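Heads up, upload.tsv below (TSV, C-alpha atoms):
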chain	number	residue	atom	x	y	z
A	1	MET	CA	-19.28	-28.65	2.65
A	2	ALA	CA	-21.91	-31.20	1.62
A	3	GLN	CA	-24.50	-28.68	0.61
A	4	SER	CA	-25.55	-30.20	-2.70
A	5	GLU	CA	-28.97	-31.37	-1.51
A	6	ASP	CA	-30.61	-30.31	-4.75
A	7	GLY	CA	-27.77	-31.83	-6.71
A	8	GLY	CA	-26.91	-28.67	-8.65
A	9	LEU	CA	-24.05	-26.29	-8.27
A	10	HIS	CA	-24.38	-24.23	-5.16
A	11	ILE	CA	-22.24	-21.27	-5.99
A	12	ASP	CA	-23.07	-17.91	-4.57
A	13	PRO	CA	-19.77	-16.10	-4.32
A	14	MET	CA	-21.07	-12.58	-3.83
A	15	SER	CA	-23.49	-12.94	-0.93
A	16	GLN	CA	-20.59	-12.95	1.52
A	17	PHE	CA	-20.02	-9.29	0.71
A	18	LEU	CA	-23.54	-8.18	1.65
A	19	VAL	CA	-23.64	-5.45	4.24
A	20	LYS	CA	-26.38	-6.32	6.69
A	21	PRO	CA	-27.66	-4.53	9.76
A	22	LEU	CA	-26.45	-6.40	12.82
A	23	PHE	CA	-29.51	-5.93	14.98
A	24	GLY	CA	-32.14	-6.00	12.26
A	25	GLY	CA	-34.25	-3.05	11.27
A	26	GLU	CA	-33.85	-0.63	8.41
A	27	MET	CA	-30.48	0.37	7.05
A	28	GLY	CA	-29.80	4.00	7.81
A	29	LEU	CA	-26.74	6.19	7.74
A	30	PHE	CA	-25.56	5.16	11.20
A	31	THR	CA	-26.88	1.63	11.37
A	32	ILE	CA	-24.47	-0.78	12.95
A	33	THR	CA	-23.75	-3.43	10.33
A	34	ASN	CA	-21.47	-6.41	9.99
A	35	ALA	CA	-18.99	-4.06	8.33
A	36	THR	CA	-19.02	-1.86	11.42
A	37	LEU	CA	-18.51	-4.90	13.61
A	38	TRP	CA	-15.51	-6.19	11.70
A	39	MET	CA	-13.89	-2.80	11.44
A	40	ALA	CA	-14.30	-2.41	15.18
A	41	LEU	CA	-12.81	-5.87	15.64
A	42	ALA	CA	-9.84	-4.89	13.48
A	43	VAL	CA	-9.29	-1.82	15.62
A	44	GLY	CA	-9.77	-3.87	18.78
A	45	ALA	CA	-7.38	-6.62	17.72
A	46	SER	CA	-4.67	-4.20	16.65
A	47	SER	CA	-5.06	-2.25	19.90
A	48	LEU	CA	-4.79	-5.47	21.82
A	49	LEU	CA	-1.55	-6.31	20.06
A	50	LEU	CA	0.03	-2.88	20.02
A	51	ILE	CA	-1.13	-1.57	23.39
A	52	GLY	CA	-1.83	-4.70	25.38
A	53	ALA	CA	1.22	-6.71	24.44
A	54	VAL	CA	3.67	-3.84	24.79
A	55	LYS	CA	2.34	-2.71	28.13
A	56	GLN	CA	4.92	-4.56	30.23
A	57	ARG	CA	7.76	-3.02	28.22
A	58	ALA	CA	9.91	-6.04	28.80
A	59	LEU	CA	13.53	-5.49	27.82
A	60	VAL	CA	13.54	-8.99	26.45
A	61	PRO	CA	10.23	-9.07	24.63
A	62	GLY	CA	7.87	-11.98	24.82
A	63	ARG	CA	6.19	-13.39	21.75
A	64	ALA	CA	3.36	-10.90	21.47
A	65	GLN	CA	5.63	-7.95	22.19
A	66	SER	CA	8.08	-9.19	19.56
A	67	VAL	CA	5.35	-9.25	16.98
A	68	ALA	CA	4.30	-5.72	17.89
A	69	GLU	CA	7.89	-4.48	17.81
A	70	LEU	CA	8.61	-6.19	14.51
A	71	LEU	CA	5.55	-4.61	12.94
A	72	TYR	CA	6.58	-1.22	14.22
A	73	GLY	CA	10.15	-1.60	13.08
A	74	PHE	CA	9.12	-2.90	9.70
A	75	VAL	CA	6.85	0.01	8.87
A	76	ARG	CA	9.28	2.53	10.29
A	77	GLN	CA	11.95	1.10	8.03
A	78	LEU	CA	9.59	1.38	5.12
A	79	VAL	CA	8.86	5.03	5.81
A	80	VAL	CA	12.54	5.87	6.14
A	81	ASP	CA	13.39	3.89	3.02
A	82	ILE	CA	10.99	5.79	0.84
A	83	THR	CA	10.49	9.23	2.31
A	84	GLY	CA	13.73	9.67	4.24
A	85	GLU	CA	13.99	11.04	7.76
A	86	GLU	CA	11.54	13.88	7.05
A	87	GLY	CA	8.77	11.40	6.44
A	88	LEU	CA	9.03	10.03	9.96
A	89	LYS	CA	6.79	12.82	11.15
A	90	TYR	CA	3.94	11.10	9.36
A	91	PHE	CA	4.91	7.63	10.47
A	92	PRO	CA	2.03	7.27	12.97
A	93	TYR	CA	-0.49	7.82	10.19
A	94	ILE	CA	1.09	5.32	7.85
A	95	PHE	CA	1.52	2.80	10.63
A	96	THR	CA	-2.14	3.17	11.59
A	97	LEU	CA	-3.21	2.65	8.00
A	98	PHE	CA	-0.99	-0.37	7.59
A	99	VAL	CA	-2.09	-2.06	10.80
A	100	PHE	CA	-5.77	-1.38	10.19
A	101	ILE	CA	-5.66	-2.77	6.68
A	102	LEU	CA	-3.53	-5.71	7.73
A	103	PHE	CA	-5.92	-6.68	10.49
A	104	SER	CA	-9.00	-6.15	8.36
A	105	ASN	CA	-7.52	-8.34	5.66
A	106	LEU	CA	-6.48	-11.05	8.06
A	107	LEU	CA	-9.73	-11.02	10.03
A	108	GLY	CA	-11.51	-11.33	6.70
A	109	MET	CA	-9.78	-14.69	6.30
A	110	LEU	CA	-11.64	-16.14	9.26
A	111	PRO	CA	-14.56	-18.37	8.27
A	112	TYR	CA	-17.93	-16.61	8.57
A	113	SER	CA	-16.21	-13.27	8.94
A	114	PHE	CA	-16.70	-10.23	6.78
A	115	ALA	CA	-13.89	-8.87	4.66
A	116	VAL	CA	-14.18	-5.15	5.24
A	117	THR	CA	-11.43	-4.25	2.79
A	118	SER	CA	-13.19	-6.00	-0.09
A	119	HIS	CA	-15.53	-3.03	-0.22
A	120	ILE	CA	-14.45	-0.21	-2.44
A	121	ALA	CA	-16.33	2.14	-0.12
A	122	VAL	CA	-13.89	1.33	2.66
A	123	THR	CA	-10.71	1.32	0.61
A	124	GLY	CA	-11.93	4.38	-1.26
A	125	VAL	CA	-12.26	6.38	1.92
A	126	LEU	CA	-8.83	5.24	3.06
A	127	ALA	CA	-7.27	6.21	-0.26
A	128	LEU	CA	-9.13	9.50	-0.38
A	129	MET	CA	-7.89	10.35	3.09
A	130	VAL	CA	-4.35	9.70	1.95
A	131	PHE	CA	-4.90	11.73	-1.21
A	132	VAL	CA	-6.29	14.75	0.64
A	133	THR	CA	-3.67	14.58	3.37
A	134	VAL	CA	-0.79	14.27	0.95
A	135	THR	CA	-2.06	17.07	-1.27
A	136	ALA	CA	-2.54	19.29	1.77
A	137	ILE	CA	0.99	18.51	2.96
A	138	GLY	CA	2.30	19.37	-0.48
A	139	PHE	CA	0.58	22.73	-0.48
A	140	ILE	CA	1.56	23.51	3.11
A	141	LYS	CA	5.20	22.60	2.49
A	142	HIS	CA	5.63	24.24	-0.89
A	143	GLY	CA	2.77	26.69	-1.15
A	144	ALA	CA	1.83	27.53	-4.71
A	145	HIS	CA	5.10	25.94	-5.88
A	146	PHE	CA	3.40	22.61	-5.43
A	147	LEU	CA	1.48	23.37	-8.61
A	148	GLY	CA	4.83	23.15	-10.39
A	149	PHE	CA	4.40	19.44	-9.83
A	150	PHE	CA	1.98	19.53	-12.75
A	151	TRP	CA	3.86	21.93	-14.97
A	152	PRO	CA	6.45	20.16	-17.12
A	153	LYS	CA	9.30	22.65	-17.25
A	154	ASP	CA	11.61	20.64	-19.48
A	155	ALA	CA	9.04	20.04	-22.20
A	156	PRO	CA	8.93	22.14	-25.37
A	157	GLY	CA	6.61	25.14	-25.08
A	158	PRO	CA	3.45	24.29	-27.04
A	159	LEU	CA	3.37	20.79	-25.62
A	160	ARG	CA	3.22	21.98	-22.04
A	161	PRO	CA	-0.54	22.48	-21.63
A	162	VAL	CA	-1.22	19.04	-23.03
A	163	LEU	CA	1.33	17.51	-20.74
A	164	MET	CA	-0.15	19.42	-17.84
A	165	VAL	CA	-3.54	17.83	-18.48
A	166	ILE	CA	-1.86	14.45	-18.59
A	167	GLU	CA	-0.03	15.14	-15.35
A	168	LEU	CA	-3.26	16.26	-13.72
A	169	ILE	CA	-5.11	13.15	-14.81
A	170	SER	CA	-2.27	10.97	-13.66
A	171	TYR	CA	-2.36	12.68	-10.28
A	172	PHE	CA	-6.01	11.76	-9.93
A	173	VAL	CA	-5.33	8.24	-11.12
A	174	ARG	CA	-3.45	7.64	-7.90
A	175	PRO	CA	-6.25	7.61	-5.32
A	176	ILE	CA	-8.43	5.54	-7.64
A	177	SER	CA	-5.83	2.90	-8.38
A	178	HIS	CA	-4.80	3.03	-4.72
A	179	SER	CA	-8.27	2.02	-3.58
A	180	ILE	CA	-9.18	-0.30	-6.45
A	181	ARG	CA	-6.05	-2.36	-6.03
A	182	LEU	CA	-6.75	-3.23	-2.42
A	183	GLY	CA	-10.51	-3.63	-2.82
A	184	ALA	CA	-10.33	-5.70	-6.02
A	185	ASN	CA	-7.66	-7.98	-4.66
A	186	MET	CA	-9.66	-8.83	-1.58
A	187	LEU	CA	-12.94	-9.08	-3.46
A	188	ALA	CA	-11.51	-11.38	-6.14
A	189	GLY	CA	-9.74	-13.58	-3.64
A	190	HIS	CA	-12.76	-14.16	-1.46
A	191	ALA	CA	-15.07	-14.68	-4.42
A	192	VAL	CA	-12.72	-17.26	-5.93
A	193	LEU	CA	-12.55	-19.11	-2.64
A	194	LYS	CA	-16.34	-19.29	-2.53
A	195	VAL	CA	-16.53	-20.52	-6.12
A	196	PHE	CA	-14.12	-23.32	-5.39
A	197	ALA	CA	-16.01	-24.19	-2.23
A	198	GLY	CA	-19.15	-24.54	-4.37
A	199	PHE	CA	-17.33	-26.99	-6.63
A	200	VAL	CA	-16.37	-29.13	-3.68
A	201	GLY	CA	-20.01	-29.73	-2.80
A	202	ALA	CA	-21.10	-30.30	-6.37
A	203	LEU	CA	-18.43	-32.79	-7.44
A	204	GLY	CA	-19.01	-35.38	-4.74
A	205	VAL	CA	-15.98	-37.63	-4.35
A	206	PHE	CA	-13.99	-35.67	-6.87
A	207	GLY	CA	-14.46	-32.68	-4.65
A	208	VAL	CA	-11.02	-33.43	-3.24
A	209	VAL	CA	-9.48	-31.74	-6.26
A	210	PRO	CA	-11.02	-28.31	-5.69
A	211	LEU	CA	-10.60	-28.86	-1.97
A	212	ALA	CA	-6.87	-29.27	-2.48
A	213	ALA	CA	-6.86	-26.22	-4.68
A	214	MET	CA	-8.64	-24.33	-1.92
A	215	VAL	CA	-5.94	-25.18	0.57
A	216	GLY	CA	-3.40	-23.62	-1.74
A	217	LEU	CA	-5.65	-20.68	-2.51
A	218	THR	CA	-6.24	-20.01	1.17
A	219	ALA	CA	-2.51	-19.87	1.76
A	220	PHE	CA	-2.21	-17.56	-1.22
A	221	GLU	CA	-4.97	-15.34	0.12
A	222	PHE	CA	-3.08	-14.97	3.39
A	223	LEU	CA	-0.09	-13.84	1.36
A	224	VAL	CA	-2.26	-11.41	-0.58
A	225	ALA	CA	-3.79	-10.08	2.63
A	226	VAL	CA	-0.36	-9.15	3.96
A	227	ILE	CA	1.08	-7.94	0.67
A	228	GLN	CA	-1.84	-5.66	-0.07
A	229	ALA	CA	-1.54	-4.00	3.32
A	230	TYR	CA	2.15	-3.59	2.62
A	231	VAL	CA	1.54	-2.19	-0.86
A	232	PHE	CA	-1.01	0.27	0.45
A	233	ALA	CA	1.51	1.50	3.01
A	234	ILE	CA	4.28	1.70	0.40
A	235	LEU	CA	2.15	3.73	-1.97
A	236	THR	CA	1.13	6.06	0.82
A	237	CYS	CA	4.83	6.63	1.47
A	238	VAL	CA	5.51	7.18	-2.22
A	239	TYR	CA	2.77	9.78	-2.53
A	240	LEU	CA	3.94	11.41	0.66
A	241	ASN	CA	7.47	11.47	-0.67
A	242	ASP	CA	6.26	13.19	-3.83
A	243	ALA	CA	4.54	15.85	-1.73
A	244	LEU	CA	7.56	16.33	0.52
A	245	HIS	CA	10.26	16.41	-2.11
A	246	MET	CA	8.37	17.12	-5.32
A	247	HIS	CA	10.04	14.73	-7.69
B	1	MET	CA	32.71	-5.16	37.52
B	2	PRO	CA	34.21	-3.02	40.28
B	3	ALA	CA	37.73	-4.50	39.95
B	4	ASP	CA	38.16	-3.13	36.41
B	5	ALA	CA	36.79	0.30	37.20
B	6	THR	CA	39.52	1.35	39.67
B	7	PRO	CA	42.41	2.21	37.28
B	8	ASP	CA	41.61	5.57	35.72
B	9	GLU	CA	43.17	5.28	32.23
B	10	GLY	CA	41.94	1.73	31.91
B	11	GLY	CA	38.44	2.91	32.68
B	12	ALA	CA	38.63	5.71	30.13
B	13	ALA	CA	39.91	3.36	27.47
B	14	LYS	CA	37.14	0.98	28.29
B	15	LEU	CA	34.59	3.75	28.08
B	16	GLU	CA	35.91	4.66	24.68
B	17	ALA	CA	35.71	1.07	23.55
B	18	ILE	CA	32.15	0.89	24.75
B	19	GLU	CA	31.34	4.11	22.99
B	20	ALA	CA	32.79	2.76	19.78
B	21	ARG	CA	30.73	-0.35	20.17
B	22	ILE	CA	27.61	1.71	20.76
B	23	ASP	CA	28.37	3.73	17.64
B	24	ALA	CA	28.88	0.57	15.65
B	25	LEU	CA	25.62	-0.84	16.92
B	26	ARG	CA	23.83	2.41	16.14
B	27	ALA	CA	25.26	2.36	12.65
B	28	ALA	CA	24.13	-1.22	12.26
B	29	ARG	CA	20.63	-0.25	13.33
B	30	ARG	CA	20.53	2.66	10.94
B	31	PRO	CA	17.83	2.26	8.35
B	32	LYS	CA	19.05	0.16	5.48
B	33	ARG	CA	17.32	-1.71	2.76
B	34	LEU	CA	15.84	-5.10	3.37
B	35	GLY	CA	16.52	-7.65	0.66
B	36	ALA	CA	13.93	-10.26	1.52
B	37	GLU	CA	10.89	-8.64	-0.01
B	38	GLU	CA	12.42	-8.28	-3.47
B	39	LYS	CA	10.46	-10.94	-5.29
B	40	VAL	CA	7.18	-10.09	-3.65
B	41	SER	CA	7.52	-6.43	-4.44
B	42	ALA	CA	8.27	-7.21	-8.08
B	43	ALA	CA	4.92	-8.93	-8.38
B	44	ALA	CA	3.27	-6.13	-6.45
B	45	LEU	CA	4.87	-3.61	-8.76
B	46	ALA	CA	3.54	-5.41	-11.82
B	47	TRP	CA	0.07	-5.33	-10.33
B	48	ARG	CA	0.40	-1.75	-9.41
B	49	MET	CA	1.44	-0.67	-12.89
B	50	THR	CA	-1.39	-2.63	-14.45
B	51	THR	CA	-4.03	-0.97	-12.31
B	52	GLU	CA	-2.47	2.41	-12.92
B	53	LEU	CA	-2.68	1.99	-16.66
B	54	VAL	CA	-6.25	0.70	-16.58
B	55	VAL	CA	-7.41	3.37	-14.18
B	56	GLY	CA	-5.70	6.05	-16.27
B	57	VAL	CA	-7.57	5.03	-19.39
B	58	GLY	CA	-10.82	4.64	-17.47
B	59	LEU	CA	-10.50	8.02	-15.82
B	60	GLY	CA	-9.70	9.68	-19.13
B	61	PHE	CA	-12.78	8.18	-20.76
B	62	ALA	CA	-14.90	9.14	-17.77
B	63	ILE	CA	-13.78	12.78	-17.96
B	64	GLY	CA	-14.35	12.82	-21.72
B	65	TRP	CA	-17.80	11.29	-21.30
B	66	TRP	CA	-18.68	13.87	-18.69
B	67	ILE	CA	-17.52	16.81	-20.81
B	68	ASP	CA	-19.36	15.42	-23.82
B	69	GLY	CA	-22.51	15.08	-21.80
B	70	ALA	CA	-22.23	18.64	-20.58
B	71	ALA	CA	-21.27	20.17	-23.94
B	72	GLY	CA	-23.25	17.87	-26.24
B	73	THR	CA	-20.27	16.99	-28.44
B	74	LYS	CA	-20.69	13.26	-28.18
B	75	PRO	CA	-17.60	11.45	-29.36
B	76	LEU	CA	-15.12	14.32	-29.55
B	77	PHE	CA	-13.91	14.77	-25.98
B	78	LEU	CA	-14.39	11.10	-25.23
B	79	LEU	CA	-11.71	10.35	-27.79
B	80	ILE	CA	-9.42	13.21	-26.81
B	81	PHE	CA	-9.55	12.43	-23.12
B	82	GLY	CA	-9.37	8.70	-23.76
B	83	ALA	CA	-6.02	9.30	-25.40
B	84	LEU	CA	-4.95	11.71	-22.68
B	85	GLY	CA	-6.02	9.20	-20.05
B	86	PHE	CA	-3.95	6.53	-21.73
B	87	ALA	CA	-0.98	8.87	-21.72
B	88	ALA	CA	-1.61	9.64	-18.07
B	89	GLY	CA	-1.77	5.93	-17.28
B	90	VAL	CA	1.54	5.37	-19.01
B	91	ARG	CA	2.98	8.38	-17.23
B	92	THR	CA	1.94	7.06	-13.83
B	93	MET	CA	3.32	3.66	-14.73
B	94	LEU	CA	6.63	5.13	-15.78
B	95	ARG	CA	6.77	7.18	-12.63
B	96	SER	CA	6.27	4.06	-10.54
B	97	ALA	CA	9.10	2.36	-12.39
B	98	GLN	CA	11.27	5.43	-11.95
B	99	GLU	CA	10.54	5.69	-8.26
B	100	VAL	CA	11.29	2.02	-7.66
B	101	SER	CA	14.57	2.27	-9.51
B	102	ARG	CA	15.46	5.40	-7.59
B	103	ARG	CA	14.80	3.54	-4.39
B	104	GLU	CA	16.89	0.69	-5.67
B	105	ALA	CA	19.77	2.98	-6.50
B	106	ARG	CA	19.60	4.56	-3.08
B	107	GLY	CA	19.56	1.13	-1.50
B	108	ALA	CA	22.57	0.11	-3.56
B	109	GLU	CA	24.45	3.18	-2.39
B	110	GLN	CA	23.67	2.41	1.21
B	111	THR	CA	24.40	-1.27	1.30
B	112	GLY	CA	27.31	-1.05	-1.12
B	113	ALA	CA	28.07	-4.23	-3.01
B	114	SER	CA	25.44	-6.29	-1.20
B	115	ALA	CA	22.73	-5.01	-3.49
B	116	PRO	CA	20.12	-7.58	-4.46
B	117	PRO	CA	21.19	-9.76	-7.40
B	118	ALA	CA	18.99	-10.67	-10.33
B	119	ARG	CA	15.59	-9.05	-10.23
B	120	PRO	CA	12.86	-9.81	-12.72
B	121	GLY	CA	11.02	-7.18	-14.73
B	122	PRO	CA	11.71	-3.75	-13.34
B	123	GLY	CA	15.35	-4.64	-12.68
B	124	ALA	CA	16.17	-3.83	-16.28
B	125	SER	CA	14.86	-0.29	-16.07
B	126	ALA	CA	16.48	0.06	-12.67
B	127	ASP	CA	19.88	-0.63	-14.15
B	128	GLY	CA	19.25	1.81	-16.95
B	129	ARG	CA	18.40	4.52	-14.47
B	130	GLN	CA	21.43	3.84	-12.42
B	131	THR	CA	23.72	4.34	-15.35
B	132	THR	CA	22.06	7.59	-16.31
B	133	ARG	CA	22.43	8.80	-12.75
B	134	GLY	CA	26.09	7.84	-12.24
Would you put the structure from the file into structure tokens?
Amino acid sequence: MAQSEDGGLHIDPMSQFLVKPLFGGEMGLFTITNATLWMALAVGASSLLLIGAVKQRALVPGRAQSVAELLYGFVRQLVVDITGEEGLKYFPYIFTLFVFILFSNLLGMLPYSFAVTSHIAVTGVLALMVFVTVTAIGFIKHGAHFLGFFWPKDAPGPLRPVLMVIELISYFVRPISHSIRLGANMLAGHAVLKVFAGFVGALGVFGVVPLAAMVGLTAFEFLVAVIQAYVFAILTCVYLNDALHMH
Amino acid sequence: MPADATPDEGGAAKLEAIEARIDALRAARRPKRLGAEEKVSAAALAWRMTTELVVGVGLGFAIGWWIDGAAGTKPLFLLIFGALGFAAGVRTMLRSAQEVSRREARGAEQTGASAPPARPGPGASADGRQTTRG
């Protein structure tokens, strides 16, 4: 923490988000970067928990198996809550999304790690996948009737085209806000942590104040990491529910 | 317990009792609403609505900008779609509120009187919805 050799503020909150090639060399389309590494670690860690710990299938679960079962039960409950029994067909997808985001967020909290989900490129792809899937489900389930989703039937006649444009825009708002929310939350949290860490070095003895704040902020970031995974899963369910039942 | 299993009627009665217990347990395990996440999800909902509104306006302006660039009518469509985007943002926001209150109402139906008590923010609109539904 004592990195104030030159006396000045040493705040560089954004460099932690740099995507770098792991093994040197030029950055190409398929270069393995730190982002690749931490995504792979998220997949590995979640597999370890959900496959490894449940392998024994103990009737009375141990600690790790309990965690896995709780996670499963929690998301299943969520899916049923929002989409009803019909949504359970898509539960594996939502569960995968939730666990991946949760682990990426939590692994991002490790010192010297890389917060994959702070990149809009990552969250954008996740949200776009949800958007395309959900729209496809809507069209498969309802055929051309799904377009009725955008046509306000109860509105007075001349207003309908205007409202349709509004509905259309608001439909496309969803994937954007879906991805920005997760990405921005993680980005802001990690950047703020770094800023406070810079203050600790610069203030000398009084660095205890920002250090104390950082303890609280770190706890808060853990909360945010879990909540944002949860919110992402919830919204996926909500969008799915719209496609299934056309509210 | 082999001693209990020998009398026939007793066994049947016992079976029935066990079946009833299984049914009760199944019913207890049926999906029902969790109350613990209420406060957290209120904050999450506030966040969600904020981003929806901002993104709506932003998207509207972006579309307007794009059309203007293509058609060479600089401020016209920017303004029109800015307004439409704002409306779309509000619409998405309202839909989120609606959907949460619908969920709430469904949860209240399922759990009966044990519905969550005071709930900040969206609780007000939730109550309004419930009355319009009932």
Test item: axis-aligned box, all listed atoms of segment 198-213 of chain A, 4 Å on each side, centre and edges in Å rounded to one decimal, as lines of an AutoDock Vina configuration file:
center_x = -14.0
center_y = -31.1
center_z = -4.7
size_x = 22.2
size_y = 21.1
size_z = 13.5
What are the nearest atom pairs, with distances in Å to one decimal, for all residues of chain B that come at most 10 Å from chain A, using only C-alpha atoms, set out by chain and rising residue number as a Markdown table?
| residue | atom | partner | partner_atom | distance |
| --- | --- | --- | --- | --- |
| B:Arg30 | CA | A:Gln77 | CA | 9.2 |
| B:Pro31 | CA | A:Gln77 | CA | 6.0 |
| B:Lys32 | CA | A:Asp81 | CA | 7.2 |
| B:Arg33 | CA | A:Asp81 | CA | 6.8 |
| B:Leu34 | CA | A:Gln77 | CA | 8.7 |
| B:Glu37 | CA | A:Ile227 | CA | 9.9 |
| B:Val40 | CA | A:Ile227 | CA | 7.8 |
| B:Ser41 | CA | A:Val231 | CA | 8.2 |
| B:Ala43 | CA | A:Ile227 | CA | 9.9 |
| B:Ala44 | CA | A:Val231 | CA | 7.1 |
| B:Leu45 | CA | A:Val231 | CA | 8.7 |
| B:Trp47 | CA | A:Arg181 | CA | 8.0 |
| B:Arg48 | CA | A:Arg181 | CA | 7.3 |
| B:Met49 | CA | A:Ser177 | CA | 9.3 |
| B:Thr50 | CA | A:Ser177 | CA | 9.3 |
| B:Thr51 | CA | A:Ser177 | CA | 5.8 |
| B:Glu52 | CA | A:Ser177 | CA | 5.7 |
| B:Leu53 | CA | A:Val173 | CA | 8.8 |
| B:Val54 | CA | A:Ser177 | CA | 8.5 |
| B:Val55 | CA | A:Ser177 | CA | 6.0 |
| B:Gly56 | CA | A:Val173 | CA | 5.6 |
| B:Val57 | CA | A:Val173 | CA | 9.1 |
| B:Gly58 | CA | A:Val173 | CA | 9.1 |
| B:Leu59 | CA | A:Val173 | CA | 7.0 |
| B:Gly60 | CA | A:Ile169 | CA | 7.2 |
| B:Ile63 | CA | A:Ile169 | CA | 9.2 |
| B:Phe81 | CA | A:Ile166 | CA | 9.2 |
| B:Ala83 | CA | A:Ile166 | CA | 9.5 |
| B:Leu84 | CA | A:Ile166 | CA | 5.8 |
| B:Gly85 | CA | A:Ile169 | CA | 6.6 |
| B:Phe86 | CA | A:Ile166 | CA | 8.8 |
| B:Ala87 | CA | A:Ile166 | CA | 6.5 |
| B:Ala88 | CA | A:Ser170 | CA | 4.7 |
| B:Gly89 | CA | A:Ser170 | CA | 6.2 |
| B:Val90 | CA | A:Ser170 | CA | 8.6 |
| B:Arg91 | CA | A:Ser170 | CA | 6.9 |
| B:Thr92 | CA | A:Ser170 | CA | 5.7 |
| B:Met93 | CA | A:Ser170 | CA | 9.3 |
| B:Arg95 | CA | A:His247 | CA | 9.6 |
| B:Ser96 | CA | A:Val238 | CA | 8.9 |
| B:Glu99 | CA | A:Val238 | CA | 8.0 |
| B:Val100 | CA | A:Ile82 | CA | 9.3 |
| B:Arg102 | CA | A:Ile82 | CA | 9.5 |
| B:Arg103 | CA | A:Ile82 | CA | 6.9 |
| B:Glu104 | CA | A:Asp81 | CA | 9.9 |
| B:Arg106 | CA | A:Asp81 | CA | 8.7 |
| B:Gly107 | CA | A:Asp81 | CA | 8.1 |
Å distance separating atom CA of Ile137 of chain A from atom CA of Thr123 of chain A, one decimal place: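 Separation between atom CA of Ile137 of chain A and atom CA of Thr123 of chain A: 20.9 Å.
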Expected answer as a compact mmCIF listing (two decimals) with C-alpha atoms, in the frame of the given file: all residues with atoms within 6 Å of (-18.7, -22.5, -8.1), all atoms listed in the file:
# COMPACT_ATOMS: atom_id res chain seq x y z
CA ILE A 11 -22.24 -21.27 -5.99
CA VAL A 195 -16.53 -20.52 -6.12
CA PHE A 196 -14.12 -23.32 -5.39
CA GLY A 198 -19.15 -24.54 -4.37
CA PHE A 199 -17.33 -26.99 -6.63
Between atom CA of Gly207 of chain A and atom CA of Leu18 of chain A, what is the distance, to one decimal in Å? 26.9 Å
Please identify all polymer residues within 12 Å of Ala121 of chain A, counting all atoms listed in the file, omitting same-chain residues fewer than 2 positions from it, and present them as a VMD selection string. chain A and resid 19 35 116 to 119 123 to 128 176 179 to 180 182 to 184
Report as a PDB file with C-alpha atoms, in the frame of the given file all protein, DNA and RNA residues lying within 7 Å of Leu97 of chain A, evaluated on all atoms listed in the file, omitting residues in the same chain fewer than 4 positions from it.
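Once written, result38.pdb looks like this:
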ATOM      1  CA  TYR A  93      -0.490   7.820  10.190  1.00  0.00           C
ATOM      2  CA  ILE A 101      -5.660  -2.770   6.680  1.00  0.00           C
ATOM      3  CA  ALA A 233       1.510   1.500   3.010  1.00  0.00           C
TER       4      ALA A 233
END
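Rounded to one decimal, atom CA of Gly52 of chain A and atom CA of Tyr72 of chain A lie 14.4 Å from each other.
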Find the residue from A:Ala64, A:Ala42, A:Leu203, A:Leu71 that sits nearest to Leu107 of chain A; use all atoms listed in the file when measuring.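 For Leu107 of chain A, the nearest of the candidates is A:Ala42.
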Ala115 of chain A surroundings by all atoms listed in the file, 8 Å radius, close-in-sequence under 4 positions cut, as a VMD selection string: chain A and resid 17 35 38 104 to 105 107 to 109 119 186
What lies within 9 Å of Glu221 of chain A using all atoms listed in the file, ignoring chain neighbours under 4 positions off, as a list in words?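 Near neighbours after the sequence-gap exclusion: Met109, Met186, Gly189, His190, Leu193, Gly216, Leu217, Ala225 and Val226 of chain A.
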